[in-house]
2 protein chains.
Amino acid sequence: MDKEPISDFFYRLQDEICQELEELDAYGRFHEDTWERDGGGGGRTRVLTKGDVIEKGGVNFSKVYGQATDKIRESIGVNGNAFFASGLSIVLHPYNPFVPTIHMNIRYFEMDDGNAWFGGGIDLTPHYIDKSDAARFHQHLKKVCDDHHPTYYPAFKHWADDYFFIKHRNETRGIGGIFFDRLAATEDISLEDRYAFVKDVGEAFMPVYKPLVDKHRNDNYSETQKDWQLIRRGRYVEFNLVYDRGTRFGLDSGGRIESILMSLPEYASWQYNFQPEEGSAEAETQQWLQKHIDWLALLDRPTPDEPIKER
Amino acid sequence: MDKEPISDFFYRLQDEICQELEELDAYGRFHEDTWERDGGGGGRTRVLTKGDVIEKGGVNFSKVYGQATDKIRESIGVNGNAFFASGLSIVLHPYNPFVPTIHMNIRYFEMDDGNAWFGGGIDLTPHYIDKSDAARFHQHLKKVCDDHHPTYYPAFKHWADDYFFIKHRNETRGIGGIFFDRLAATEDISLEDRYAFVKDVGEAFMPVYKPLVDKHRNDNYSETQKDWQLIRRGRYVEFNLVYDRGTRFGLDSGGRIESILMSLPEYASWQYNFQPEEGSAEAETQQWLQKHIDWLALLDRPTPDEPIKER
């Protein structure tokens, strides 16, 4: 496949999403930094802070290429000499604890040994899990997946549950979503088909997030609820610094630190041995931070007491 | 060496230090949790939050033993079957940005294959570097070291600079101090000598920290200075979650998460691409977050414009 149009798509989508996010936020404006990478390529980092809805959010485009180092070869498990990688990555941390934190990433990688693949995903981290929102979020992602392949949603939903998991806490980062990596061409699915899917994932970002912002941006919240949000954000920091492969790889390989760590929230908190009060909304959210919940089952049965697991 | 008296010393020192910290703080009181480890041993975690001086601080004792897993053998590089590890670990995060964050750790490890060693250290993380405080802090640690061996201070000061280093930021966590690990018996130095040194390090904790608290606890500070403190604490979180071997090992090996992560501050902040204003106190502190500064040189020459490096 021709790599330039893919990268151009990511670049244009960054423009579109930033414009739509500014309209949605109404007050915040993105600050842009362009950067170059020693060895080839660079990126365009855009960060919006202290908006009306968004406390801190980043929308990063990058397109890097050049000679693969041993570190890259080893870390990715490829053999070629020249690599090309381009992607768009988004993390938004809103002020209001009832507006979820969201993450989206789409990326393309190719190597001159013939390897080429797409990766990406969208996942949601509500500080308070609204079950009907969660069900609709998953329903939306399922539709995006189903338009391309019947195996995509179950496989990529499962992958997200396993990936966005804070092992030392035995809890998921949020309600998951979809995650996929190394989607290369197969006998049945061409690289063009993969690309068409990844484009749809990228274009689903605003339609999937905007309703959640519109619904909750004016929700009233208490100091206790704000504290809980900061604790949940502490878990977000733990996930990103301890487990997230992109973050770890970026830190190890000398990427642009400020672009990598834009994913961290403006404020986070750690309280020793914090336990939500029994029966509280916080305790209920905690109970739903599990892998392999069948969120779609909630569409038919919107208020179960216990998470329904996938069969 | 008989291991029980070593562990008993750590246990009693925890009591002493907690009592002295409560006296120093005047308002805060330690909350205690005792815990047991599957397989052998346990610990006594004490955390003080929302004191007068200390916003969040932990003083942890642990004594664990049992069959070494492959993970332990591999991670530590030993071969035996039964291990014994005991230690005392302290991290204090004060409210006032002019009172430094401090960390102290002393520990003993032995294996039934004959390996036995001590490790530990004290290091200081001021949010604003007061050069005369820094020089006296290092002078104090040098004296503790010099009482035992002339090589200790230079070697362990160097080790601290290298260890408490945030590689992806190219900055030290603070002004360092001393750090040492695997101090086993040698031809010249017995394990008893090592223990005598480690005891003195532990007993130096209050005398080295109390003057800093007394001097700065009532310093006035602005919102800007508090913000800077939260950003510096963000770096502390980055160090602990990305690099600190004890933290990483604890998370990987299923240690008691709340005891391990008591080292994280109550609040921390990340601002995208934060750069202190040129010529500001924050910029000056940033400039001193370097390895291998000769802090003792400041004793004779208290106000240099540039850090003096060790020769």
# chains A, B, ... in the order shown; residues from 1 in each chain; ligands from 1

$ interface_residues --of "chain A" --to "chain B" --cutoff "6 Å" --atoms "only C-alpha atoms" --output "PyMOL selection string"
chain A and resi 168+251+258+262+266-273

$ residues_around --residues "A:Glu277" --least-positions-apart "4" --cutoff "12 Å" --atoms "only C-alpha atoms" --output "ChimeraX atom specification"
/A:224,228,281-286

$ write_last_selection --atoms "N, CA and C atoms" --output "PDB file, in the first residue's frame"
ATOM      1  N   THR A 224     -16.610  15.417  46.955  1.00  0.00           N
ATOM      2  CA  THR A 224     -16.336  13.980  47.064  1.00  0.00           C
ATOM      3  C   THR A 224     -16.231  13.332  45.691  1.00  0.00           C
ATOM      4  N   TRP A 228     -12.942  11.568  43.960  1.00  0.00           N
ATOM      5  CA  TRP A 228     -12.977  10.230  43.362  1.00  0.00           C
ATOM      6  C   TRP A 228     -12.422  10.264  41.941  1.00  0.00           C
ATOM      7  N   ALA A 281     -22.065   5.106  44.964  1.00  0.00           N
ATOM      8  CA  ALA A 281     -21.895   5.098  43.509  1.00  0.00           C
ATOM      9  C   ALA A 281     -20.453   4.751  43.146  1.00  0.00           C
ATOM     10  N   GLU A 282     -19.509   5.172  43.988  1.00  0.00           N
ATOM     11  CA  GLU A 282     -18.097   4.861  43.737  1.00  0.00           C
ATOM     12  C   GLU A 282     -17.853   3.356  43.852  1.00  0.00           C
ATOM     13  N   ALA A 283     -18.458   2.752  44.879  1.00  0.00           N
ATOM     14  CA  ALA A 283     -18.309   1.299  45.062  1.00  0.00           C
ATOM     15  C   ALA A 283     -18.944   0.556  43.886  1.00  0.00           C
ATOM     16  N   GLU A 284     -20.049   1.095  43.393  1.00  0.00           N
ATOM     17  CA  GLU A 284     -20.689   0.420  42.262  1.00  0.00           C
ATOM     18  C   GLU A 284     -19.792   0.483  41.030  1.00  0.00           C
ATOM     19  N   THR A 285     -19.223   1.660  40.766  1.00  0.00           N
ATOM     20  CA  THR A 285     -18.314   1.770  39.625  1.00  0.00           C
ATOM     21  C   THR A 285     -17.153   0.791  39.775  1.00  0.00           C
ATOM     22  N   GLN A 286     -16.591   0.753  40.986  1.00  0.00           N
ATOM     23  CA  GLN A 286     -15.464  -0.146  41.250  1.00  0.00           C
ATOM     24  C   GLN A 286     -15.820  -1.595  40.892  1.00  0.00           C
TER      25      GLN A 286
END

$ select_by_dssp --residues "stretch 90-267 of chain B" --states "strand (DSSP E)" --output "ChimeraX atom specification"
/B:90-94,101-111,116-125,165-166,171-172,176-183,267

$ residues_around --residues "B:Asn115" --least-positions-apart "5" --cutoff "10 Å" --atoms "only C-alpha atoms" --output "ChimeraX atom specification"
/B:78-80,83,109-110,182,184-185

$ residues_around --residues "B:Leu299" --least-positions-apart "5" --cutoff "9 Å" --atoms "only C-alpha atoms" --output "PyMOL selection string"
chain B and resi 131-132+135-136+139

$ write_last_selection --atoms "N, CA and C atoms" --output "compact mmCIF listing (two decimals), in the first residue's frame"
# COMPACT_ATOMS: atom_id res chain seq x y z
N LYS B 131 20.36 26.04 48.66
CA LYS B 131 21.71 25.49 48.52
C LYS B 131 22.40 25.23 49.84
N SER B 132 22.12 26.07 50.82
CA SER B 132 22.79 25.82 52.09
C SER B 132 22.16 24.61 52.79
N ALA B 135 23.68 21.58 51.02
CA ALA B 135 25.07 21.33 51.43
C ALA B 135 25.11 20.68 52.80
N ARG B 136 24.28 21.21 53.73
CA ARG B 136 24.30 20.63 55.08
C ARG B 136 23.70 19.22 55.12
N GLN B 139 26.50 17.13 53.96
CA GLN B 139 27.54 17.10 55.00
C GLN B 139 27.17 16.11 56.11

$ residues_around --residues "B:Gly28" --least-positions-apart "2" --cutoff "7 Å" --atoms "only C-alpha atoms" --output "count of residues only"
9

$ atom_distance --atom1 "atom CA of B:Phe84" --atom2 "atom CA of B:Thr45"
18.5 Å

$ select_by_dssp --residues "stretch 173-205 of chain B" --states "helix (DSSP H, G or I)" --output "list in words"
Leu191, Glu192, Asp193, Arg194, Tyr195, Ala196, Phe197, Val198, Lys199, Asp200, Val201, Gly202, Glu203, Ala204 and Phe205 of chain B

$ write_last_selection --atoms "C-alpha atoms" --output "short mmCIF file (atom, residue, chain, number, x, y, z; two decimals), in the first residue's frame"
data_model
loop_
_atom_site.label_atom_id
_atom_site.label_comp_id
_atom_site.auth_asym_id
_atom_site.auth_seq_id
_atom_site.Cartn_x
_atom_site.Cartn_y
_atom_site.Cartn_z
CA LEU B 191 28.68 -8.01 57.66
CA GLU B 192 28.63 -6.75 61.26
CA ASP B 193 30.38 -3.57 60.05
CA ARG B 194 27.79 -3.18 57.31
CA TYR B 195 25.03 -3.55 59.87
CA ALA B 196 26.58 -0.93 62.15
CA PHE B 197 26.60 1.47 59.20
CA VAL B 198 23.00 0.71 58.20
CA LYS B 199 21.87 1.27 61.80
CA ASP B 200 23.51 4.69 61.74
CA VAL B 201 21.81 5.53 58.45
CA GLY B 202 18.44 4.64 59.94
CA GLU B 203 19.12 6.61 63.09
CA ALA B 204 20.23 9.62 61.04
CA PHE B 205 16.80 9.98 59.48
#

$ residues_around --residues "A:Pro307" --least-positions-apart "3" --cutoff "8 Å" --atoms "only C-alpha atoms" --output "list in words"
Gln287, Trp288, Ile293, Asp294 and Pro304 of chain A

$ closest_residue --among "B:Ala68, B:Val99, B:Lys291, B:His127" --to "B:Asp162" --atoms "only C-alpha atoms"
B:Lys291

$ atom_distance --atom1 "atom CA of A:Tyr236" --atom2 "atom CA of A:Leu289"
12.7 Å

$ atom_distance --atom1 "atom CA of B:Phe61" --atom2 "atom CA of B:Arg37"
12.9 Å

$ residues_around --residues "A:His216" --least-positions-apart "2" --cutoff "9 Å" --atoms "only C-alpha atoms" --output "MDAnalysis selection string"
chainID A and resid 96:100 211:214 218:220

$ decode --residues "stretch 81-130 of chain A" --atoms "N, CA and C atoms" --output "CSV table (one decimal), in the first residue's frame"
chain,number,residue,atom,x,y,z
A,81,ASN,N,15.4,-2.9,7.6
A,81,ASN,CA,16.3,-1.8,7.9
A,81,ASN,C,15.5,-0.5,8.1
A,82,ALA,N,14.7,-0.2,7.1
A,82,ALA,CA,14.0,1.1,7.1
A,82,ALA,C,12.5,0.8,7.6
A,83,PHE,N,12.1,1.7,8.5
A,83,PHE,CA,10.7,1.6,9.0
A,83,PHE,C,10.0,2.9,8.7
A,84,PHE,N,8.7,2.8,8.8
A,84,PHE,CA,7.8,4.0,8.6
A,84,PHE,C,6.7,3.8,9.6
A,85,ALA,N,6.3,4.8,10.4
A,85,ALA,CA,5.2,4.7,11.4
A,85,ALA,C,4.5,6.0,11.4
A,86,SER,N,3.2,5.9,11.3
A,86,SER,CA,2.4,7.1,11.4
A,86,SER,C,1.2,6.8,12.3
A,87,GLY,N,0.7,7.8,13.0
A,87,GLY,CA,-0.4,7.6,13.9
A,87,GLY,C,-1.1,8.9,14.4
A,88,LEU,N,-2.3,8.6,14.9
A,88,LEU,CA,-3.0,9.7,15.5
A,88,LEU,C,-3.5,9.2,16.9
A,89,SER,N,-3.2,10.0,17.9
A,89,SER,CA,-3.5,9.5,19.2
A,89,SER,C,-4.2,10.6,20.1
A,90,ILE,N,-5.2,10.2,20.8
A,90,ILE,CA,-6.0,11.2,21.5
A,90,ILE,C,-6.2,10.8,22.9
A,91,VAL,N,-6.1,11.7,23.9
A,91,VAL,CA,-6.5,11.4,25.2
A,91,VAL,C,-7.2,12.7,25.7
A,92,LEU,N,-8.4,12.6,26.3
A,92,LEU,CA,-9.1,13.8,26.8
A,92,LEU,C,-9.5,13.6,28.2
A,93,HIS,N,-9.0,14.5,29.1
A,93,HIS,CA,-9.4,14.4,30.5
A,93,HIS,C,-10.3,15.6,30.8
A,94,PRO,N,-11.6,15.4,31.0
A,94,PRO,CA,-12.6,16.5,31.2
A,94,PRO,C,-12.6,16.9,32.7
A,95,TYR,N,-13.1,18.0,33.0
A,95,TYR,CA,-13.2,18.5,34.4
A,95,TYR,C,-14.3,17.7,35.1
A,96,ASN,N,-15.4,17.6,34.5
A,96,ASN,CA,-16.6,17.1,35.2
A,96,ASN,C,-16.4,15.6,35.4
A,97,PRO,N,-16.5,15.1,36.6
A,97,PRO,CA,-16.3,13.7,36.9
A,97,PRO,C,-17.4,12.8,36.2
A,98,PHE,N,-18.5,13.4,35.7
A,98,PHE,CA,-19.5,12.6,35.0
A,98,PHE,C,-19.2,12.5,33.5
A,99,VAL,N,-18.3,13.3,33.0
A,99,VAL,CA,-17.9,13.1,31.6
A,99,VAL,C,-16.7,12.2,31.6
A,100,PRO,N,-16.8,11.1,30.8
A,100,PRO,CA,-15.7,10.1,30.9
A,100,PRO,C,-14.4,10.6,30.2
A,101,THR,N,-13.3,10.1,30.7
A,101,THR,CA,-12.0,10.3,30.0
A,101,THR,C,-12.0,9.3,28.8
A,102,ILE,N,-11.5,9.8,27.7
A,102,ILE,CA,-11.5,8.9,26.5
A,102,ILE,C,-10.1,8.8,25.8
A,103,HIS,N,-9.9,7.7,25.2
A,103,HIS,CA,-8.6,7.5,24.5
A,103,HIS,C,-8.9,6.9,23.1
A,104,MET,N,-8.3,7.4,22.1
A,104,MET,CA,-8.4,6.8,20.7
A,104,MET,C,-7.0,6.9,20.1
A,105,ASN,N,-6.7,5.8,19.4
A,105,ASN,CA,-5.4,5.8,18.7
A,105,ASN,C,-5.6,5.0,17.4
A,106,ILE,N,-5.1,5.5,16.3
A,106,ILE,CA,-5.0,4.7,15.1
A,106,ILE,C,-3.6,4.8,14.5
A,107,ARG,N,-3.0,3.8,14.0
A,107,ARG,CA,-1.6,3.8,13.6
A,107,ARG,C,-1.3,2.8,12.4
A,108,TYR,N,-0.3,3.2,11.7
A,108,TYR,CA,0.1,2.3,10.6
A,108,TYR,C,1.6,2.2,10.7
A,109,PHE,N,2.1,0.9,10.5
A,109,PHE,CA,3.5,0.7,10.6
A,109,PHE,C,4.0,-0.2,9.4
A,110,GLU,N,5.1,0.2,8.8
A,110,GLU,CA,5.6,-0.7,7.8
A,110,GLU,C,7.1,-0.7,7.8
A,111,MET,N,7.6,-1.9,7.3
A,111,MET,CA,9.1,-2.1,7.4
A,111,MET,C,9.5,-2.5,6.0
A,112,ASP,N,10.7,-2.3,5.6
A,112,ASP,CA,11.1,-2.6,4.3
A,112,ASP,C,11.3,-4.1,4.1
A,113,ASP,N,11.1,-4.9,5.1
A,113,ASP,CA,11.1,-6.4,4.9
A,113,ASP,C,9.7,-6.9,4.5
A,114,GLY,N,8.8,-6.0,4.2
A,114,GLY,CA,7.5,-6.4,3.7
A,114,GLY,C,6.4,-6.4,4.8
A,115,ASN,N,6.8,-6.3,6.1
A,115,ASN,CA,5.8,-6.2,7.1
A,115,ASN,C,5.0,-4.9,7.0
A,116,ALA,N,3.7,-5.0,7.2
A,116,ALA,CA,2.9,-3.8,7.2
A,116,ALA,C,1.6,-4.1,8.0
A,117,TRP,N,1.3,-3.2,8.9
A,117,TRP,CA,0.1,-3.5,9.6
A,117,TRP,C,-0.5,-2.2,10.2
A,118,PHE,N,-1.8,-2.3,10.6
A,118,PHE,CA,-2.5,-1.2,11.3
A,118,PHE,C,-2.7,-1.6,12.8
A,119,GLY,N,-2.9,-0.6,13.6
A,119,GLY,CA,-3.2,-0.9,15.0
A,119,GLY,C,-4.1,0.3,15.5
A,120,GLY,N,-4.7,0.1,16.7
A,120,GLY,CA,-5.4,1.2,17.2
A,120,GLY,C,-6.5,0.8,18.2
A,121,GLY,N,-7.5,1.7,18.4
A,121,GLY,CA,-8.6,1.4,19.3
A,121,GLY,C,-9.2,2.6,19.9
A,122,ILE,N,-10.3,2.4,20.5
A,122,ILE,CA,-11.0,3.4,21.3
A,122,ILE,C,-11.4,2.8,22.6
A,123,ASP,N,-11.1,3.5,23.7
A,123,ASP,CA,-11.6,3.0,25.0
A,123,ASP,C,-12.0,4.1,25.9
A,124,LEU,N,-13.0,3.8,26.8
A,124,LEU,CA,-13.6,4.8,27.6
A,124,LEU,C,-13.3,4.5,29.1
A,125,THR,N,-13.0,5.6,29.8
A,125,THR,CA,-12.7,5.5,31.3
A,125,THR,C,-13.7,6.5,32.0
A,126,PRO,N,-14.9,6.0,32.3
A,126,PRO,CA,-15.8,6.8,33.1
A,126,PRO,C,-15.3,6.8,34.5
A,127,HIS,N,-15.5,7.9,35.2
A,127,HIS,CA,-15.2,7.9,36.7
A,127,HIS,C,-16.4,7.4,37.4
A,128,TYR,N,-17.6,7.6,36.8
A,128,TYR,CA,-18.8,6.9,37.3
A,128,TYR,C,-19.4,6.2,36.1
A,129,ILE,N,-19.6,4.9,36.3
A,129,ILE,CA,-20.1,4.1,35.1
A,129,ILE,C,-21.6,4.3,35.0
A,130,ASP,N,-22.0,4.9,33.9
A,130,ASP,CA,-23.4,5.0,33.6
A,130,ASP,C,-23.7,3.8,32.7
